[in-house]
Every structure is written in C-alpha cells, then in structure tokens.
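What follows is the content of upload.cif (mmCIF, C-alpha atoms and all ligand atoms).
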```
data_query
#
loop_
_atom_site.label_atom_id
_atom_site.label_comp_id
_atom_site.auth_asym_id
_atom_site.auth_seq_id
_atom_site.Cartn_x
_atom_site.Cartn_y
_atom_site.Cartn_z
CA MET A 24 -107.02 4.32 63.89
CA LEU A 25 -110.55 5.46 63.29
CA PRO A 26 -112.87 6.71 66.04
CA ALA A 27 -115.06 3.88 67.39
CA THR A 28 -118.15 5.82 66.27
CA VAL A 29 -116.95 5.79 62.66
CA GLU A 30 -115.92 2.11 62.86
CA ALA A 31 -119.46 1.32 64.00
CA ARG A 32 -120.94 3.29 61.10
CA LEU A 33 -118.71 1.41 58.65
CA ALA A 34 -119.57 -1.96 60.15
CA ALA A 35 -123.25 -1.22 59.54
CA LEU A 36 -122.79 -0.54 55.81
CA PRO A 37 -123.48 -3.11 53.09
CA SER A 38 -120.29 -5.00 52.21
CA GLY A 39 -120.04 -3.56 48.67
CA LEU A 40 -120.02 -0.07 50.08
CA ARG A 41 -117.45 -1.01 52.72
CA ASP A 42 -115.19 -2.40 49.99
CA HIS A 43 -115.55 0.84 48.01
CA VAL A 44 -114.56 2.82 51.11
CA GLU A 45 -111.48 0.64 51.69
CA ARG A 46 -110.33 1.03 48.08
CA CYS A 47 -110.86 4.80 48.32
CA ARG A 48 -108.82 4.97 51.54
CA ARG A 49 -105.84 3.52 49.71
CA VAL A 50 -106.20 6.12 46.96
CA ALA A 51 -106.60 8.90 49.52
CA ARG A 52 -103.46 7.90 51.41
CA GLU A 53 -101.44 7.97 48.17
CA LEU A 54 -102.83 11.35 47.12
CA ALA A 55 -102.34 12.84 50.58
CA GLN A 56 -98.73 11.69 50.72
CA ARG A 57 -98.00 12.93 47.24
CA HIS A 58 -99.49 16.38 47.86
CA GLY A 59 -98.41 16.90 51.47
CA VAL A 60 -101.94 16.77 52.84
CA ASP A 61 -102.63 15.70 56.45
CA LEU A 62 -102.78 11.92 56.21
CA HIS A 63 -104.98 11.36 59.22
CA LYS A 64 -107.58 13.89 58.09
CA ALA A 65 -107.59 12.57 54.52
CA ASP A 66 -107.98 9.02 55.80
CA LEU A 67 -110.73 9.76 58.29
CA GLY A 68 -112.61 11.91 55.77
CA THR A 69 -112.42 9.14 53.20
CA ALA A 70 -113.33 6.41 55.69
CA ALA A 71 -116.41 8.39 56.69
CA HIS A 72 -117.41 9.84 53.31
CA ASP A 73 -120.19 7.34 52.60
CA ILE A 74 -121.53 6.61 56.08
CA ALA A 75 -124.96 7.86 54.98
CA ARG A 76 -124.83 6.34 51.49
CA ALA A 77 -127.07 3.39 52.37
CA VAL A 78 -129.97 5.74 53.13
CA THR A 79 -131.77 6.65 49.92
CA GLY A 80 -134.70 8.51 48.42
CA ASP A 81 -137.38 9.89 50.70
CA ALA A 82 -135.73 8.40 53.80
CA LEU A 83 -132.62 10.46 53.09
CA LEU A 84 -134.66 13.63 52.59
CA ALA A 85 -136.55 12.95 55.83
CA GLU A 86 -133.25 12.46 57.67
CA ALA A 87 -131.89 15.70 56.20
CA GLU A 88 -134.96 17.53 57.45
CA ARG A 89 -134.72 15.91 60.90
CA LEU A 90 -131.15 17.20 61.09
CA GLY A 91 -132.24 20.70 60.11
CA LEU A 92 -130.44 20.74 56.75
CA ARG A 93 -131.80 22.97 54.00
CA VAL A 94 -132.54 20.96 50.86
CA ASN A 95 -132.25 22.80 47.56
CA LEU A 96 -134.23 22.17 44.38
CA VAL A 97 -131.66 19.84 42.83
CA GLU A 98 -131.23 17.86 46.04
CA ARG A 99 -134.98 17.44 46.39
CA HIS A 100 -135.14 15.90 42.92
CA THR A 101 -131.92 13.89 43.36
CA PRO A 102 -131.88 12.91 47.06
CA LEU A 103 -128.69 10.86 46.60
CA LEU A 104 -126.83 14.18 46.47
CA MET A 105 -127.66 14.69 50.17
CA HIS A 106 -125.76 11.70 51.56
CA GLY A 107 -122.55 13.65 52.12
CA ARG A 108 -124.28 16.45 53.98
CA VAL A 109 -126.28 14.01 56.11
CA GLY A 110 -123.15 11.97 56.87
CA ALA A 111 -121.23 15.09 57.89
CA LYS A 112 -124.06 16.11 60.20
CA TRP A 113 -124.05 12.66 61.84
CA LEU A 114 -120.31 12.93 62.39
CA GLU A 115 -120.63 16.39 63.88
CA THR A 116 -123.67 15.91 66.09
CA GLU A 117 -123.55 12.23 67.03
CA ASP A 118 -120.05 10.87 66.42
CA GLY A 119 -117.80 13.41 68.11
CA VAL A 120 -115.97 14.55 64.97
CA SER A 121 -115.39 18.30 65.14
CA ASP A 122 -112.55 18.91 62.67
CA ARG A 123 -113.83 21.41 60.09
CA GLU A 124 -111.71 20.04 57.25
CA ILE A 125 -112.93 16.48 57.77
CA LEU A 126 -116.55 17.56 58.01
CA GLU A 127 -116.21 19.70 54.89
CA ALA A 128 -114.66 16.79 53.01
CA VAL A 129 -117.54 14.45 53.84
CA ARG A 130 -120.15 17.13 53.22
CA TRP A 131 -119.02 17.97 49.69
CA HIS A 132 -117.47 14.75 48.44
CA THR A 133 -120.20 14.12 45.84
CA THR A 134 -120.67 17.53 44.22
CA GLY A 135 -117.57 19.42 45.24
CA ARG A 136 -117.88 23.02 46.27
CA LYS A 137 -116.15 26.35 45.65
CA ASP A 138 -113.39 27.15 48.16
CA MET A 139 -113.06 23.60 49.42
CA GLY A 140 -109.76 22.84 51.11
CA VAL A 141 -107.07 20.30 50.30
CA VAL A 142 -108.43 17.58 52.58
CA ALA A 143 -111.80 17.86 50.83
CA LYS A 144 -110.07 17.79 47.44
CA VAL A 145 -108.26 14.57 48.31
CA VAL A 146 -111.44 12.92 49.59
CA PHE A 147 -113.39 14.08 46.53
CA LEU A 148 -110.83 12.57 44.17
CA ALA A 149 -110.31 9.42 46.21
CA ASP A 150 -114.03 8.70 45.88
CA LYS A 151 -113.98 9.21 42.10
CA LEU A 152 -110.72 7.30 41.63
CA ASP A 153 -111.83 4.06 43.26
CA PRO A 154 -109.97 1.63 40.93
CA ARG A 155 -113.26 -0.14 40.12
CA LYS A 156 -114.68 3.12 38.80
CA VAL A 157 -111.51 3.82 36.82
CA GLU A 158 -111.88 0.41 35.12
CA ARG A 159 -115.44 1.22 34.17
CA TYR A 160 -115.04 4.83 33.01
CA PRO A 161 -111.94 5.36 30.84
CA TYR A 162 -111.90 9.17 31.24
CA LEU A 163 -111.05 8.61 34.90
CA GLU A 164 -107.61 7.35 33.84
CA ARG A 165 -106.84 10.87 32.72
CA VAL A 166 -108.21 12.25 36.00
CA ALA A 167 -105.93 9.85 37.89
CA LEU A 168 -102.95 10.89 35.81
CA LEU A 169 -103.60 14.60 36.39
CA ALA A 170 -104.04 13.94 40.11
CA GLN A 171 -100.39 12.89 40.29
CA ASP A 172 -99.39 16.52 39.69
CA SER A 173 -102.36 18.68 40.55
CA LEU A 174 -105.48 18.03 42.62
CA ASP A 175 -107.13 21.06 41.00
CA ALA A 176 -106.42 19.97 37.43
CA ALA A 177 -107.77 16.51 38.20
CA ILE A 178 -110.95 17.87 39.77
CA LEU A 179 -111.49 20.24 36.85
CA GLU A 180 -111.14 17.38 34.40
CA TYR A 181 -113.55 15.27 36.41
CA LEU A 182 -116.15 18.02 36.71
CA SER A 183 -115.99 18.91 33.03
CA ASN A 184 -116.69 15.30 32.10
CA GLU A 185 -119.38 14.88 34.71
CA LEU A 186 -121.24 18.05 33.78
CA GLN A 187 -121.13 17.15 30.08
CA TYR A 188 -122.54 13.75 30.96
CA LEU A 189 -125.36 15.27 33.03
CA LEU A 190 -126.24 17.71 30.23
CA ARG A 191 -126.29 14.97 27.61
CA GLN A 192 -128.50 12.81 29.80
CA GLY A 193 -130.85 15.71 30.48
CA LEU A 194 -130.17 15.52 34.20
CA LEU A 195 -130.06 18.26 36.81
CA ILE A 196 -126.74 19.85 37.77
CA HIS A 197 -125.94 20.76 41.35
CA PRO A 198 -124.95 24.44 41.56
CA ALA A 199 -122.06 23.64 43.92
CA SER A 200 -120.35 21.65 41.14
CA VAL A 201 -120.71 24.55 38.72
CA GLY A 202 -119.32 26.92 41.35
CA LEU A 203 -116.24 24.76 41.90
CA ARG A 204 -115.62 24.28 38.18
CA ASN A 205 -115.88 28.01 37.53
CA GLN A 206 -113.48 28.74 40.37
CA LEU A 207 -110.92 26.19 39.19
CA MET A 208 -111.12 27.43 35.59
CA VAL A 209 -110.54 31.03 36.63
CA GLN A 210 -107.67 30.01 38.92
CA MET A 211 -106.01 27.74 36.46
CA GLY A 212 -105.73 29.77 33.33
CA PRO A 213 -106.97 32.24 30.77
CA SER A 214 -110.48 31.74 29.52
CA PRO A 215 -110.85 30.73 25.85
CA GLU A 216 -112.18 34.23 25.04
CA SER A 217 -109.24 36.20 26.36
FE FE B 301 -120.57 9.14 48.48
#
```
Give the structure from the file, written as structure tokens.
Ligand SMILES: [Fe+2]
Amino acid sequence: MLPATVEARLAALPSGLRDHVERCRRVARELAQRHGVDLHKADLGTAAHDIARAVTGDALLAEAERLGLRVNLVERHTPLLMHGRVGAKWLETEDGVSDREILEAVRWHTTGRKDMGVVAKVVFLADKLDPRKVERYPYLERVALLAQDSLDAAILEYLSNELQYLLRQGLLIHPASVGLRNQLMVQMGPSPES
C-alpha cells in the first residue's frame, strides 16, 4: 500500500511514465527479496522515484529553486538530472514521507551517489533495469545478471558504461556518479595499477 499522497502523484503522471514505474516496481521487489533489503522501502522508493519526472527544463530548475535546492553546474546545463532531488523534496515537505532511506533513494536514483544505502541501490538499479530499457540497451543484460549476485557490481558496470557513453557523446558528467564509481571501484578490488 502506497501513501495516498504518492498515489495521487502517480495518478497525475503521463501513462508512459506510470507504466515505467510499475515495471520498475516489479524489478525492485525481486532485487529487494534477493538481497534482503526492506521490501516496503524499496517499493515505495521505486514507486515515487519519478514523481517529478514530468517537469522538465526551466520549469524544473525554477521548482528546484523554489524548494531551496542548490543547483550545481552540471544540473543547470542538464536540468533533467534534478528530477530526483525535486521529487524527494516534494515527498519530504508536502507528502509526509520522512524515511531517510526512501528519500535518499528518490533523490539519487538518476546519478547515484557515494555512500548511498541498500534501498537507494535497489531503486537505482530497478530504474535502469526496466525490462523495456534492457531490450533497447544490450549492456543492461550484463548489469541485470550481475545484480543477481551483487548490487555493487551491477551499479559499477552500469556507471562504467554510462560514463563512457557520456564521454563519447561529449556530454557533461555529474560528479556524484563519478564519486560513486570511484567508491565502488576502491571497495571492490585492486586498481589496475597495483
Ligand atoms: Fe527518474
């Protein structure tokens, strides 16, 4: 059962986005069960992850400013990256959601962030592993496979691919993604130079 506030947010989303959220919730429940993560938190975080996704461009930046969020250089040039932080702020200030793990999961579901907890990791991966996205981007099959055994290994694989893509396309890279990738690499094994 979702809070009525979140149900209302979901009902207001375009249907394509609602369908994405429902597919992600199924992935999140599987991942949470497999890795012993709180099912309710993983589900609520995933259900709410895109509540601000329908707001775009300057309107999203204006909303971020209204909410008192600091917008960094990358976010100012790529406003889409702010939808998680705006959504988390709505949940916290208007929708009666106070759980830190759920708010963190919504806040960082697009970029990831160093030190994020297991609920956030499940929500992050559930968003990326929407079966429709896996069909479209073959490298996500490997991410899905890794996620069976290790959330961290799956996120590292995802971030490495994503950052390579951004570099090749000449796009900006959010520092939070770099921070998380560095942390996971250090945690997970010797560096190539050692
Ligand atoms: Fe999103």
Q) Contacts of Leu168 of chain A at 12 Å or less, counting all atoms listed in the file, minus same-chain residues fewer than 5 places along, as a list in words? A)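 Selected residues are Leu54, Leu148, Leu152, Val157, Pro161, Tyr162, Leu163, Ser173, Leu174, Ala176, Ala177, Ile178, Glu180 and Tyr181 of chain A.
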**Q.** Selected residue, from A:Val166, A:Val50, A:Met105, A:Leu194, that lies nearest to ligand FE 301 (chain B) when counting all atoms listed in the file
**A.**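 The shortest atom-to-atom distance to ligand FE 301 (chain B) comes from A:Met105.
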Q | atom CA of Arg48 of chain A to atom CA of Ala65 of chain A, straight-line distance in Å | A | 8.3 Å
Q: Check the smallest atom-to-atom distance from each of A:Asp61, A:Asp118, A:Asp73, A:Asp175 to Leu203 of chain A using only C-alpha atoms, then report the winner.
A: A:Asp175
**Q.** Selection within 7 Å of ligand FE 301 (chain B) by all atoms listed in the file, output as a list of chain:residue names
**A.**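 Counting all atoms listed in the file, the residues within 7 Å of ligand FE 301 (chain B) come out as A:His72, A:Asp73, A:Arg76, A:His106, A:Gly107, A:His132, A:Thr133.
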Atoms kept (C-alpha atoms) for selection, written as a PDB file, in the coordinates of the input:
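Result written to selection_14.pdb:
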```
ATOM      1  CA  HIS A  72    -117.410   9.840  53.310  1.00  0.00           C
ATOM      2  CA  ASP A  73    -120.190   7.340  52.600  1.00  0.00           C
ATOM      3  CA  ARG A  76    -124.830   6.340  51.490  1.00  0.00           C
ATOM      4  CA  HIS A 106    -125.760  11.700  51.560  1.00  0.00           C
ATOM      5  CA  GLY A 107    -122.550  13.650  52.120  1.00  0.00           C
ATOM      6  CA  HIS A 132    -117.470  14.750  48.440  1.00  0.00           C
ATOM      7  CA  THR A 133    -120.200  14.120  45.840  1.00  0.00           C
TER       8      THR A 133
END
```
Could you name the residues that touch Leu96 of chain A at 12 Å or less, counting only C-alpha atoms, but leaving out those on the same chain fewer than 3 positions away, as a PDB file with C-alpha atoms, in the frame of the given file?
```pdb
ATOM      1  CA  LEU A  84    -134.660  13.630  52.590  1.00  0.00           C
ATOM      2  CA  ARG A  93    -131.800  22.970  54.000  1.00  0.00           C
ATOM      3  CA  ARG A  99    -134.980  17.440  46.390  1.00  0.00           C
ATOM      4  CA  HIS A 100    -135.140  15.900  42.920  1.00  0.00           C
ATOM      5  CA  THR A 101    -131.920  13.890  43.360  1.00  0.00           C
ATOM      6  CA  PRO A 102    -131.880  12.910  47.060  1.00  0.00           C
ATOM      7  CA  LEU A 104    -126.830  14.180  46.470  1.00  0.00           C
ATOM      8  CA  MET A 105    -127.660  14.690  50.170  1.00  0.00           C
ATOM      9  CA  LEU A 195    -130.060  18.260  36.810  1.00  0.00           C
ATOM     10  CA  ILE A 196    -126.740  19.850  37.770  1.00  0.00           C
ATOM     11  CA  HIS A 197    -125.940  20.760  41.350  1.00  0.00           C
ATOM     12  CA  PRO A 198    -124.950  24.440  41.560  1.00  0.00           C
TER      13      PRO A 198
END
```
Around segment 163-174 of chain A, with edges along x, y and z and 6 Å added on all six sides, what centre and edge lengths do you get, in Å to one decimal, as lines of an AutoDock Vina configuration file?
```
center_x = -105.2
center_y = 13.0
center_z = 37.7
size_x = 23.7
size_y = 23.3
size_z = 21.9
```
(Q) Considering all atoms listed in the file, can you say which of A:Ala34, A:Val209, A:Ala149, A:Val44 comes closest to Ala70 of chain A? (A) A:Val44
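Closest to Thr69 of chain A among A:Ala128, A:Ala82, A:Ala87, A:Ala31 is A:Ala128, based on only C-alpha atoms.
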Q. So how many Å separate atom CA of Pro213 of chain A and atom CA of Val145 of chain A, to one decimal?
A. 24.9 Å
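In this structure, atom CA of Gly91 of chain A sits 15.6 Å away from atom CA of Ala75 of chain A.
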Q) Of the candidates A:Leu189, A:Leu62, A:Leu36, A:Ala111, which shows the shortest atom-to-atom distance to Val78 of chain A, using only C-alpha atoms? A) A:Leu36
Q: Please write as a PyMOL selection string the list of polymer residues whose atoms come within 12 Å of (-121.7, 15.3, 62.2), counting all atoms listed in the file and keeping to the coordinates of the file.
A: chain A and resi 28-29+68+71-72+74-75+87+90+92+106-123+125-130
What's around Leu179 of chain A at 8 Å? Count only C-alpha atoms, leave out sequence neighbours fewer than 3 positions away in its own chain, and write the answer as a PDB file with C-alpha atoms, keeping the file's coordinate frame.
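Heads up, here's the output in around_36.pdb:
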```pdb
ATOM      1  CA  ASP A 175    -107.130  21.060  41.000  1.00  0.00           C
ATOM      2  CA  ALA A 176    -106.420  19.970  37.430  1.00  0.00           C
ATOM      3  CA  LEU A 182    -116.150  18.020  36.710  1.00  0.00           C
ATOM      4  CA  SER A 183    -115.990  18.910  33.030  1.00  0.00           C
ATOM      5  CA  ARG A 204    -115.620  24.280  38.180  1.00  0.00           C
ATOM      6  CA  LEU A 207    -110.920  26.190  39.190  1.00  0.00           C
ATOM      7  CA  MET A 208    -111.120  27.430  35.590  1.00  0.00           C
TER       8      MET A 208
END
```
Q: Go through A:Leu25, A:Asp150, A:Gly193, A:Asn205 and flag the residue nearest Asp42 of chain A, using only C-alpha atoms for the distances.
A: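 Of the candidates, the smallest distance to Asp42 of chain A is held by A:Asp150.
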Can you rebuild segment 26-56 of chain A with N, CA and C atoms and give it as a short mmCIF file (atom, residue, chain, number, x, y, z; two decimals), in the frame of the given file?
```cif
data_model
loop_
_atom_site.label_atom_id
_atom_site.label_comp_id
_atom_site.auth_asym_id
_atom_site.auth_seq_id
_atom_site.Cartn_x
_atom_site.Cartn_y
_atom_site.Cartn_z
N PRO A 26 -112.03 6.63 64.84
CA PRO A 26 -112.87 6.71 66.04
C PRO A 26 -113.86 5.53 66.07
N ALA A 27 -114.16 5.03 67.27
CA ALA A 27 -115.06 3.88 67.39
C ALA A 27 -116.43 4.18 66.76
N THR A 28 -116.85 5.44 66.84
CA THR A 28 -118.15 5.82 66.27
C THR A 28 -118.15 5.59 64.75
N VAL A 29 -117.04 5.94 64.12
CA VAL A 29 -116.95 5.79 62.66
C VAL A 29 -116.82 4.31 62.30
N GLU A 30 -116.03 3.58 63.08
CA GLU A 30 -115.92 2.11 62.86
C GLU A 30 -117.30 1.47 62.91
N ALA A 31 -118.11 1.90 63.87
CA ALA A 31 -119.46 1.32 64.00
C ALA A 31 -120.32 1.67 62.79
N ARG A 32 -120.20 2.89 62.31
CA ARG A 32 -120.94 3.29 61.10
C ARG A 32 -120.53 2.41 59.92
N LEU A 33 -119.21 2.21 59.78
CA LEU A 33 -118.71 1.41 58.65
C LEU A 33 -119.19 -0.03 58.74
N ALA A 34 -119.17 -0.56 59.96
CA ALA A 34 -119.57 -1.96 60.15
C ALA A 34 -121.04 -2.17 59.77
N ALA A 35 -121.82 -1.10 59.84
CA ALA A 35 -123.25 -1.22 59.54
C ALA A 35 -123.55 -1.08 58.04
N LEU A 36 -122.55 -0.73 57.25
CA LEU A 36 -122.79 -0.54 55.81
C LEU A 36 -122.84 -1.87 55.07
N PRO A 37 -123.54 -1.91 53.94
CA PRO A 37 -123.48 -3.11 53.09
C PRO A 37 -122.04 -3.38 52.66
N SER A 38 -121.70 -4.66 52.44
CA SER A 38 -120.29 -5.00 52.21
C SER A 38 -119.72 -4.33 50.95
N GLY A 39 -120.54 -4.18 49.91
CA GLY A 39 -120.04 -3.56 48.67
C GLY A 39 -119.60 -2.12 48.91
N LEU A 40 -120.34 -1.45 49.75
CA LEU A 40 -120.02 -0.07 50.08
C LEU A 40 -118.75 -0.01 50.95
N ARG A 41 -118.66 -0.95 51.88
CA ARG A 41 -117.45 -1.01 52.72
C ARG A 41 -116.20 -1.25 51.87
N ASP A 42 -116.34 -2.12 50.87
CA ASP A 42 -115.19 -2.40 49.99
C ASP A 42 -114.80 -1.14 49.21
N HIS A 43 -115.81 -0.42 48.72
CA HIS A 43 -115.55 0.84 48.01
C HIS A 43 -114.77 1.79 48.93
N VAL A 44 -115.21 1.90 50.16
CA VAL A 44 -114.56 2.82 51.11
C VAL A 44 -113.10 2.40 51.33
N GLU A 45 -112.86 1.11 51.47
CA GLU A 45 -111.48 0.64 51.69
C GLU A 45 -110.60 0.94 50.48
N ARG A 46 -111.13 0.72 49.29
CA ARG A 46 -110.33 1.03 48.08
C ARG A 46 -110.04 2.53 48.02
N CYS A 47 -111.04 3.34 48.34
CA CYS A 47 -110.86 4.80 48.32
C CYS A 47 -109.83 5.25 49.35
N ARG A 48 -109.80 4.58 50.50
CA ARG A 48 -108.82 4.97 51.54
C ARG A 48 -107.39 4.77 51.03
N ARG A 49 -107.19 3.71 50.25
CA ARG A 49 -105.84 3.52 49.71
C ARG A 49 -105.48 4.64 48.75
N VAL A 50 -106.44 5.02 47.90
CA VAL A 50 -106.20 6.12 46.96
C VAL A 50 -105.95 7.42 47.73
N ALA A 51 -106.73 7.65 48.75
CA ALA A 51 -106.60 8.90 49.52
C ALA A 51 -105.24 9.00 50.19
N ARG A 52 -104.77 7.88 50.74
CA ARG A 52 -103.46 7.90 51.41
C ARG A 52 -102.35 8.25 50.41
N GLU A 53 -102.43 7.66 49.20
CA GLU A 53 -101.44 7.97 48.17
C GLU A 53 -101.49 9.44 47.78
N LEU A 54 -102.69 9.94 47.53
CA LEU A 54 -102.83 11.35 47.12
C LEU A 54 -102.36 12.29 48.22
N ALA A 55 -102.72 11.97 49.46
CA ALA A 55 -102.34 12.84 50.58
C ALA A 55 -100.82 12.89 50.70
N GLN A 56 -100.19 11.72 50.61
CA GLN A 56 -98.73 11.69 50.72
C GLN A 56 -98.09 12.49 49.60
#
```
